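coords-v1.txt follows; it contains compact mmCIF, C-alpha atoms.
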```txt
# COMPACT_ATOMS: atom_id res chain seq x y z
CA MET G 1 130.79 147.74 46.98
CA ALA G 2 129.87 147.17 50.61
CA THR G 3 131.85 144.56 52.53
CA VAL G 4 130.05 141.48 53.89
CA ILE G 5 131.56 140.45 57.24
CA SER G 6 130.70 137.32 59.21
CA THR G 7 131.61 137.52 62.90
CA LEU G 8 131.43 134.41 65.06
CA PHE G 9 132.46 133.10 68.45
CA ILE G 10 133.75 129.61 67.76
CA SER G 11 135.34 126.70 69.61
CA ALA G 12 138.62 125.05 68.64
CA ASP G 13 136.70 122.15 67.07
CA GLY G 14 134.63 124.45 64.87
CA VAL G 15 131.39 124.75 66.86
CA ALA G 16 129.79 128.15 66.26
CA GLU G 17 126.65 127.57 68.30
CA ILE G 18 127.50 129.44 71.50
CA ASP G 19 127.28 127.71 74.85
CA PRO G 20 127.53 130.31 77.65
CA ASP G 21 129.49 127.81 79.74
CA TRP G 22 132.46 127.92 77.36
CA HIS G 23 131.99 131.40 75.93
CA PHE G 24 131.61 133.91 78.76
CA PRO G 25 134.63 132.79 80.86
CA TYR G 26 136.83 133.97 77.96
CA PHE G 27 135.12 137.31 77.37
CA ASP G 28 137.52 140.10 78.36
CA GLU G 29 138.43 143.62 77.25
CA ASN G 30 140.29 142.27 74.22
CA MET G 31 137.25 140.40 72.97
CA GLY G 32 135.14 143.46 73.69
CA ARG G 33 137.50 145.55 71.55
CA ALA G 34 137.31 143.03 68.72
CA VAL G 35 133.51 143.00 68.81
CA THR G 36 133.46 146.81 68.80
CA GLU G 37 135.69 146.88 65.72
CA ASP G 38 133.42 144.41 63.94
CA TYR G 39 130.27 146.41 64.59
CA ASP G 40 131.93 149.73 63.79
CA ALA G 41 132.81 148.35 60.35
CA ALA G 42 129.16 148.07 59.28
CA ASP G 43 125.89 149.99 59.16
CA VAL G 44 123.61 147.04 58.32
CA LEU G 45 123.06 143.89 60.36
CA LEU G 46 122.04 140.81 58.38
CA ILE G 47 120.69 138.19 60.76
CA GLY G 48 118.71 134.98 60.76
CA ARG G 49 115.39 134.71 62.56
CA GLU G 50 116.76 132.85 65.60
CA THR G 51 119.55 135.37 66.10
CA TYR G 52 117.11 138.23 65.65
CA ASP G 53 114.72 136.82 68.23
CA SER G 54 117.61 136.40 70.67
CA PHE G 55 118.90 139.94 70.10
CA ALA G 56 115.45 141.55 70.12
CA GLY G 57 114.58 139.74 73.34
CA ALA G 58 117.60 141.16 75.15
CA TRP G 59 119.13 144.35 73.77
CA PRO G 60 116.13 146.74 73.84
CA GLY G 61 115.69 145.97 77.54
CA ARG G 62 119.39 146.48 78.19
CA GLU G 63 119.25 149.83 76.41
CA ALA G 64 116.29 150.89 78.53
CA ALA G 65 117.97 149.72 81.74
CA GLY G 66 120.84 152.14 81.22
CA GLY G 67 123.58 149.80 82.46
CA ASP G 68 127.17 149.47 81.31
CA ASP G 69 126.06 147.81 78.07
CA ALA G 70 123.39 150.43 77.25
CA PRO G 71 125.55 152.36 74.75
CA PHE G 72 126.23 149.20 72.75
CA ALA G 73 122.55 148.26 73.00
CA LYS G 74 121.66 151.67 71.56
CA GLN G 75 124.16 151.19 68.74
CA LEU G 76 122.47 147.90 67.85
CA GLY G 77 119.04 149.49 68.02
CA ASP G 78 120.07 152.34 65.76
CA MET G 79 121.52 150.03 63.09
CA ARG G 80 119.45 148.86 60.16
CA LYS G 81 118.58 145.21 60.73
CA VAL G 82 117.69 142.98 57.78
CA VAL G 83 116.17 139.70 58.96
CA VAL G 84 116.29 136.45 56.99
CA SER G 85 113.06 134.54 57.66
CA ARG G 86 110.59 132.39 55.75
CA GLN G 87 107.80 133.96 57.78
CA SER G 88 106.70 137.58 58.16
CA PRO G 89 107.26 138.36 61.83
CA GLU G 90 105.97 141.37 63.71
CA PHE G 91 109.06 143.43 64.49
CA SER G 92 109.14 145.14 67.88
CA TRP G 93 112.75 146.35 67.65
CA ARG G 94 113.27 149.59 65.77
CA ASN G 95 114.93 149.69 62.35
CA SER G 96 114.08 146.04 61.63
CA GLU G 97 112.87 144.78 58.27
CA LEU G 98 112.28 141.49 56.50
CA ILE G 99 114.73 140.58 53.74
CA ASP G 100 113.45 141.47 50.30
CA GLY G 101 113.17 138.30 48.21
CA ASP G 102 115.88 135.69 47.73
CA LEU G 103 118.81 135.79 50.17
CA LEU G 104 121.57 135.81 47.56
CA ASP G 105 119.86 138.42 45.39
CA ALA G 106 119.16 140.61 48.41
CA VAL G 107 122.75 140.46 49.64
CA ALA G 108 124.07 141.25 46.17
CA ALA G 109 121.75 144.27 46.08
CA LEU G 110 122.92 145.43 49.52
CA LYS G 111 126.55 145.10 48.46
CA ALA G 112 125.84 147.25 45.40
CA ASP G 113 123.90 149.90 47.36
CA ALA G 114 125.98 153.08 47.46
CA GLY G 115 124.35 154.00 50.76
CA VAL G 116 125.59 150.86 52.52
CA ARG G 117 129.13 150.85 53.93
CA GLY G 118 129.30 147.40 55.45
CA ILE G 119 127.06 144.40 56.17
CA LEU G 120 127.72 142.49 59.39
CA ILE G 121 126.39 138.99 60.05
CA PRO G 122 126.65 138.14 63.75
CA GLY G 123 126.09 134.44 64.40
CA SER G 124 123.34 133.25 62.02
CA ILE G 125 125.18 130.06 61.02
CA SER G 126 122.80 128.94 58.25
CA VAL G 127 122.90 132.40 56.63
CA VAL G 128 126.70 132.40 56.69
CA GLN G 129 126.84 128.89 55.22
CA GLN G 130 124.65 129.91 52.28
CA LEU G 131 126.66 133.05 51.60
CA LEU G 132 129.98 131.20 51.86
CA ALA G 133 128.77 128.68 49.29
CA ALA G 134 127.79 131.55 46.98
CA GLY G 135 131.09 133.39 47.45
CA LEU G 136 129.43 136.43 49.00
CA VAL G 137 131.37 136.63 52.29
CA ASP G 138 134.26 139.10 52.08
CA GLU G 139 135.63 138.60 55.58
CA LEU G 140 135.27 135.77 58.09
CA ARG G 141 136.12 137.12 61.54
CA LEU G 142 136.49 134.34 64.09
CA LEU G 143 137.14 134.51 67.82
CA VAL G 144 138.46 131.00 68.42
CA HIS G 145 138.09 129.88 72.04
CA PRO G 146 140.64 127.43 73.52
CA VAL G 147 138.04 124.74 74.11
CA ALA G 148 136.73 121.74 72.19
CA ALA G 149 132.96 122.11 72.59
CA ARG G 150 132.25 118.59 71.26
CA LYS G 151 128.59 119.39 70.58
CA GLY G 152 126.63 122.05 68.74
CA ARG G 153 126.36 123.30 65.17
CA LYS G 154 129.61 123.79 63.32
CA LEU G 155 130.39 126.67 61.00
CA PHE G 156 131.51 124.61 58.03
CA ASP G 157 129.03 122.10 56.68
CA GLU G 158 129.68 119.04 54.54
CA GLY G 159 130.40 119.81 50.90
CA ASP G 160 132.20 118.66 47.79
CA GLU G 161 134.72 121.49 47.56
CA ALA G 162 137.10 123.01 50.09
CA TYR G 163 136.94 126.69 51.02
CA HIS G 164 140.39 128.18 50.59
CA LEU G 165 141.01 131.18 52.81
CA ARG G 166 143.62 133.93 52.99
CA LEU G 167 144.71 135.09 56.43
CA VAL G 168 144.29 138.86 56.73
CA THR G 169 145.36 139.23 60.34
CA SER G 170 145.57 137.29 63.58
CA GLU G 171 145.94 138.13 67.26
CA ALA G 172 146.34 136.02 70.40
CA PHE G 173 144.63 137.24 73.57
CA PRO G 174 145.98 136.50 77.08
CA THR G 175 142.95 134.24 77.66
CA GLY G 176 144.11 131.93 74.87
CA VAL G 177 141.42 133.17 72.47
CA LEU G 178 142.66 133.67 68.92
CA ARG G 179 141.20 136.37 66.74
CA VAL G 180 141.63 135.44 63.10
CA ILE G 181 140.31 137.33 60.10
CA TYR G 182 140.13 135.48 56.80
CA ALA G 183 139.24 136.59 53.29
CA PRO G 184 138.47 134.30 50.36
CA GLY G 185 141.64 132.76 48.97
CA THR G 186 142.72 130.79 45.94
CA ALA G 187 143.59 127.12 45.99
CA PRO G 188 147.32 126.42 46.15
CA LYS G 189 149.05 124.53 43.37
CA PRO G 190 148.37 120.77 43.73
CA VAL G 191 151.27 119.10 45.48
CA GLY G 192 151.82 115.46 46.40
CA TYR G 193 154.12 113.78 48.88
CA ASP G 194 156.92 113.38 46.32
CA GLU G 195 157.15 117.15 45.97
CA VAL G 196 157.65 117.75 49.69
CA THR G 197 160.06 114.98 50.64
CA ASP G 198 162.84 117.53 51.04
CA GLN G 199 160.76 119.16 53.81
CA VAL G 200 160.26 115.97 55.81
CA PRO G 201 162.11 115.96 59.18
CA ALA G 202 165.55 114.47 58.84
CA GLY G 203 165.25 112.43 62.02
CA ASN G 204 167.97 111.72 64.54
```

Same coordinates, now as structure tokens:
Amino acid sequence: MATVISTLFISADGVAEIDPDWHFPYFDENMGRAVTEDYDAADVLLIGRETYDSFAGAWPGREAAGGDDAPFAKQLGDMRKVVVSRQSPEFSWRNSELIDGDLLDAVAALKADAGVRGILIPGSISVVQQLLAAGLVDELRLLVHPVAARKGRKLFDEGDEAYHLRLVTSEAFPTGVLRVIYAPGTAPKPVGYDEVTDQVPAGN
């Protein structure tokens, strides 16, 4: 089964809608390495329409310009891109296609496709929220910036049940950015205050 990976830049207060003012000052070689590892883990990009339009409006031009980011731009262009959209857009970026049918059914089919190694979802908050609710995200890779954005869309929406996560790995960058990778976890045994009184600080 292919692995579904969500990769997001996120603020300390949970905002996953990037603001360049708080994002780019923290982008260094460590974050670049993390992003490279995320993209190298997949051969299919699953992206929402807004993210696609943003990517398609920038990366083909950067590839053509031949600058420092041209190799990464080419990697993105060469990847298969499956776009989640209620409309049928005209795709100008190579290797782009509209999702086939229902989102959950299509992702389940991609996961079961023997020819697919990994499915990466960069950004695309609403897509990630739907897949989290359906239990279809295998890894949540977050680059947590040391800033409280205080505005913008958050990753986790309101719901009746908590998402329990298992920490796979974590790393602190010199900039203060934390890279954390979570997998789905199981809920811990219910515990109340009476069961943890022996852990309460003794005081002075």

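Taking atom CA of G:Ile121 and atom CA of G:Leu46 as endpoints, the distance between them is 5.0 Å.
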
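For the pair atom CA of G:Pro20 and atom CA of G:Ser170, the interatomic distance is 23.9 Å.
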
What lies within 9 Å of G:Arg94 using all atoms listed in the file, ignoring chain neighbours under 2 positions off, as a PDB file with C-alpha atoms, in the coordinates of the input?
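Output file result.pdb is given in full below:
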```pdb
ATOM      1  CA  GLY G  77     119.040 149.490  68.020  1.00  0.00           C
ATOM      2  CA  ASP G  78     120.070 152.340  65.760  1.00  0.00           C
ATOM      3  CA  MET G  79     121.520 150.030  63.090  1.00  0.00           C
ATOM      4  CA  ARG G  80     119.450 148.860  60.160  1.00  0.00           C
ATOM      5  CA  LYS G  81     118.580 145.210  60.730  1.00  0.00           C
ATOM      6  CA  PHE G  91     109.060 143.430  64.490  1.00  0.00           C
ATOM      7  CA  SER G  92     109.140 145.140  67.880  1.00  0.00           C
ATOM      8  CA  SER G  96     114.080 146.040  61.630  1.00  0.00           C
ATOM      9  CA  GLU G  97     112.870 144.780  58.270  1.00  0.00           C
TER      10      GLU G  97
END
```

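Taking atom CA of G:Tyr182 as the reference point, atom CA of G:Phe55 is found at 25.4 Å.
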
Given the choices G:Glu195, G:Asp38, G:Asp69, G:Asp13, which gets closest to G:Ile181 if the distance is worked out from only C-alpha atoms?
G:Asp38

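Distance check against G:Thr169 using only C-alpha atoms: of G:Leu140, G:Asn95, G:Asp53, G:Ala42, the minimum falls on G:Leu140.
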
Taking the structure in the block just given, could you write stretch 14-26 of chain G with all heavy atoms, as a short mmCIF file (atom, residue, chain, number, x, y, z; two decimals), in the first residue's frame?
```cif
data_model
loop_
_atom_site.label_atom_id
_atom_site.label_comp_id
_atom_site.auth_asym_id
_atom_site.auth_seq_id
_atom_site.Cartn_x
_atom_site.Cartn_y
_atom_site.Cartn_z
N GLY G 14 -1.23 26.71 15.30
CA GLY G 14 -1.98 25.79 14.44
C GLY G 14 -2.42 26.32 13.10
O GLY G 14 -3.14 25.63 12.38
N VAL G 15 -1.99 27.52 12.72
CA VAL G 15 -2.38 28.08 11.42
C VAL G 15 -1.53 27.45 10.32
O VAL G 15 -0.30 27.48 10.37
CB VAL G 15 -2.22 29.61 11.39
CG1 VAL G 15 -2.46 30.16 9.99
CG2 VAL G 15 -3.20 30.25 12.38
N ALA G 16 -2.19 26.86 9.33
CA ALA G 16 -1.50 26.20 8.23
C ALA G 16 -1.63 26.96 6.91
O ALA G 16 -1.17 26.49 5.88
CB ALA G 16 -2.02 24.77 8.06
N GLU G 17 -2.28 28.10 6.96
CA GLU G 17 -2.37 28.98 5.79
C GLU G 17 -1.16 29.91 5.82
O GLU G 17 -1.06 30.79 6.67
CB GLU G 17 -3.66 29.79 5.84
CG GLU G 17 -3.88 30.68 4.63
CD GLU G 17 -5.20 31.44 4.72
OE1 GLU G 17 -5.96 31.25 5.69
OE2 GLU G 17 -5.46 32.23 3.80
N ILE G 18 -0.22 29.69 4.91
CA ILE G 18 1.08 30.35 4.99
C ILE G 18 0.95 31.85 4.75
O ILE G 18 0.30 32.31 3.81
CB ILE G 18 2.05 29.77 3.95
CG1 ILE G 18 2.31 28.29 4.23
CG2 ILE G 18 3.37 30.54 3.95
CD1 ILE G 18 3.16 27.63 3.17
N ASP G 19 1.61 32.61 5.61
CA ASP G 19 1.83 34.03 5.40
C ASP G 19 3.33 34.20 5.16
O ASP G 19 4.13 33.84 6.03
CB ASP G 19 1.39 34.81 6.63
CG ASP G 19 1.51 36.33 6.45
OD1 ASP G 19 2.35 36.76 5.63
OD2 ASP G 19 0.78 37.07 7.13
N PRO G 20 3.73 34.70 3.99
CA PRO G 20 5.17 34.85 3.72
C PRO G 20 5.92 35.62 4.80
O PRO G 20 7.11 35.37 5.03
CB PRO G 20 5.19 35.60 2.39
CG PRO G 20 3.90 35.25 1.73
CD PRO G 20 2.90 35.15 2.86
N ASP G 21 5.23 36.54 5.49
CA ASP G 21 5.89 37.36 6.50
C ASP G 21 6.41 36.52 7.66
O ASP G 21 7.44 36.85 8.26
CB ASP G 21 4.95 38.45 7.01
CG ASP G 21 4.72 39.55 5.98
OD1 ASP G 21 5.53 39.65 5.04
OD2 ASP G 21 3.74 40.29 6.12
N TRP G 22 5.69 35.43 8.02
CA TRP G 22 6.19 34.61 9.12
C TRP G 22 6.82 33.31 8.65
O TRP G 22 7.47 32.62 9.45
CB TRP G 22 5.12 34.33 10.18
CG TRP G 22 3.86 33.60 9.79
CD1 TRP G 22 2.62 34.15 9.67
CD2 TRP G 22 3.68 32.19 9.57
NE1 TRP G 22 1.68 33.18 9.36
CE2 TRP G 22 2.31 31.97 9.29
CE3 TRP G 22 4.54 31.09 9.56
CZ2 TRP G 22 1.78 30.69 9.01
CZ3 TRP G 22 4.02 29.82 9.28
CH2 TRP G 22 2.66 29.63 9.00
N HIS G 23 6.67 32.99 7.38
CA HIS G 23 7.25 31.73 6.89
C HIS G 23 8.70 31.88 6.40
O HIS G 23 9.61 31.20 6.89
CB HIS G 23 6.38 31.16 5.78
CG HIS G 23 7.02 30.03 5.03
ND1 HIS G 23 7.49 28.89 5.66
CD2 HIS G 23 7.30 29.87 3.70
CE1 HIS G 23 8.02 28.08 4.75
NE2 HIS G 23 7.91 28.65 3.56
N PHE G 24 8.92 32.75 5.43
CA PHE G 24 10.23 32.79 4.76
C PHE G 24 11.40 33.17 5.67
O PHE G 24 12.52 32.69 5.46
CB PHE G 24 10.17 33.70 3.53
CG PHE G 24 9.43 33.07 2.38
CD1 PHE G 24 8.25 33.64 1.91
CD2 PHE G 24 9.89 31.91 1.79
CE1 PHE G 24 7.55 33.06 0.86
CE2 PHE G 24 9.19 31.31 0.74
CZ PHE G 24 8.03 31.89 0.27
N PRO G 25 11.22 34.00 6.70
CA PRO G 25 12.37 34.29 7.57
C PRO G 25 12.93 33.05 8.27
O PRO G 25 14.08 33.08 8.73
CB PRO G 25 11.79 35.28 8.58
CG PRO G 25 10.68 35.96 7.85
CD PRO G 25 10.08 34.88 7.02
N TYR G 26 12.15 31.97 8.34
CA TYR G 26 12.61 30.75 9.02
C TYR G 26 13.06 29.67 8.04
O TYR G 26 13.45 28.58 8.47
CB TYR G 26 11.48 30.20 9.91
CG TYR G 26 11.16 31.10 11.07
CD1 TYR G 26 10.03 31.93 11.04
CD2 TYR G 26 11.98 31.15 12.19
CE1 TYR G 26 9.74 32.77 12.10
CE2 TYR G 26 11.69 31.98 13.26
CZ TYR G 26 10.57 32.79 13.21
OH TYR G 26 10.29 33.61 14.26
#
```
